[in-house]
Amino acid sequence: PEFVCSMIIGKQGMNVKNIQKDFRSFVQVHKDPLPYSSEFVVSLTNKDVSCLAGSVNRIYESIQSIKSIS
């Protein structure tokens, strides 16, 4: 959902920057929601599967606190 995107991006994009630095993954939070939804797509790209998994885990950790509340 849209409110989770800000947690993924982080203040001044710091979460995305850290993922790019730590895992060399490309992170893209799409600007338009899915059709008939308030859900947004987050794309992660990396040729190294273990780095990609680390990126996914980092994003999951960043949103876990807000997801458990809502």
# chains A, B, ... in the order shown; residues from 1 in each chain; ligands from 1
call {"tool": "residues_around", "arguments": {"residues": "range 2-7 of chain A", "least_positions_apart": "5", "cutoff": "9 Å", "atoms": "only C-alpha atoms", "output": "tab-separated table (two decimals) with C-alpha atoms, in the first residue's frame"}}
result
chain	number	residue	atom	x	y	z
A	13	GLY	CA	15.73	7.95	0.16
A	15	ASN	CA	16.74	3.04	2.80
A	29	VAL	CA	9.12	2.06	-6.33
A	33	PRO	CA	-0.77	2.08	-8.21
A	38	SER	CA	-4.07	1.35	-3.76
A	39	GLU	CA	-1.17	-1.13	-3.96
A	40	PHE	CA	2.15	-0.05	-5.49
A	42	VAL	CA	8.36	-2.32	-5.80
A	59	ILE	CA	12.75	-4.31	2.67
A	62	SER	CA	11.79	-2.10	7.10
A	63	ILE	CA	8.04	-2.61	6.66
A	66	ILE	CA	4.04	-0.99	10.19
A	67	LYS	CA	2.51	-4.12	8.67
call {"tool": "select_by_dssp", "arguments": {"residues": "chain A", "states": "alpha helix (DSSP H)", "output": "PyMOL selection string"}}
result
chain A and resi 2-9+14-23+49-69
call {"tool": "atom_distance", "arguments": {"atom1": "CA of Ser55 in chain A", "atom2": "CA of His30 in chain A"}}
result
16.8 Å
call {"tool": "atom_distance", "arguments": {"atom1": "CA of Arg58 in chain A", "atom2": "CA of Tyr36 in chain A"}}
result
28.2 Å
call {"tool": "closest_residue", "arguments": {"among": "A:Val27, A:Met14, A:Ile8, A:Ile19", "to": "Ser43 in chain A", "atoms": "only C-alpha atoms"}}
result
A:Val27
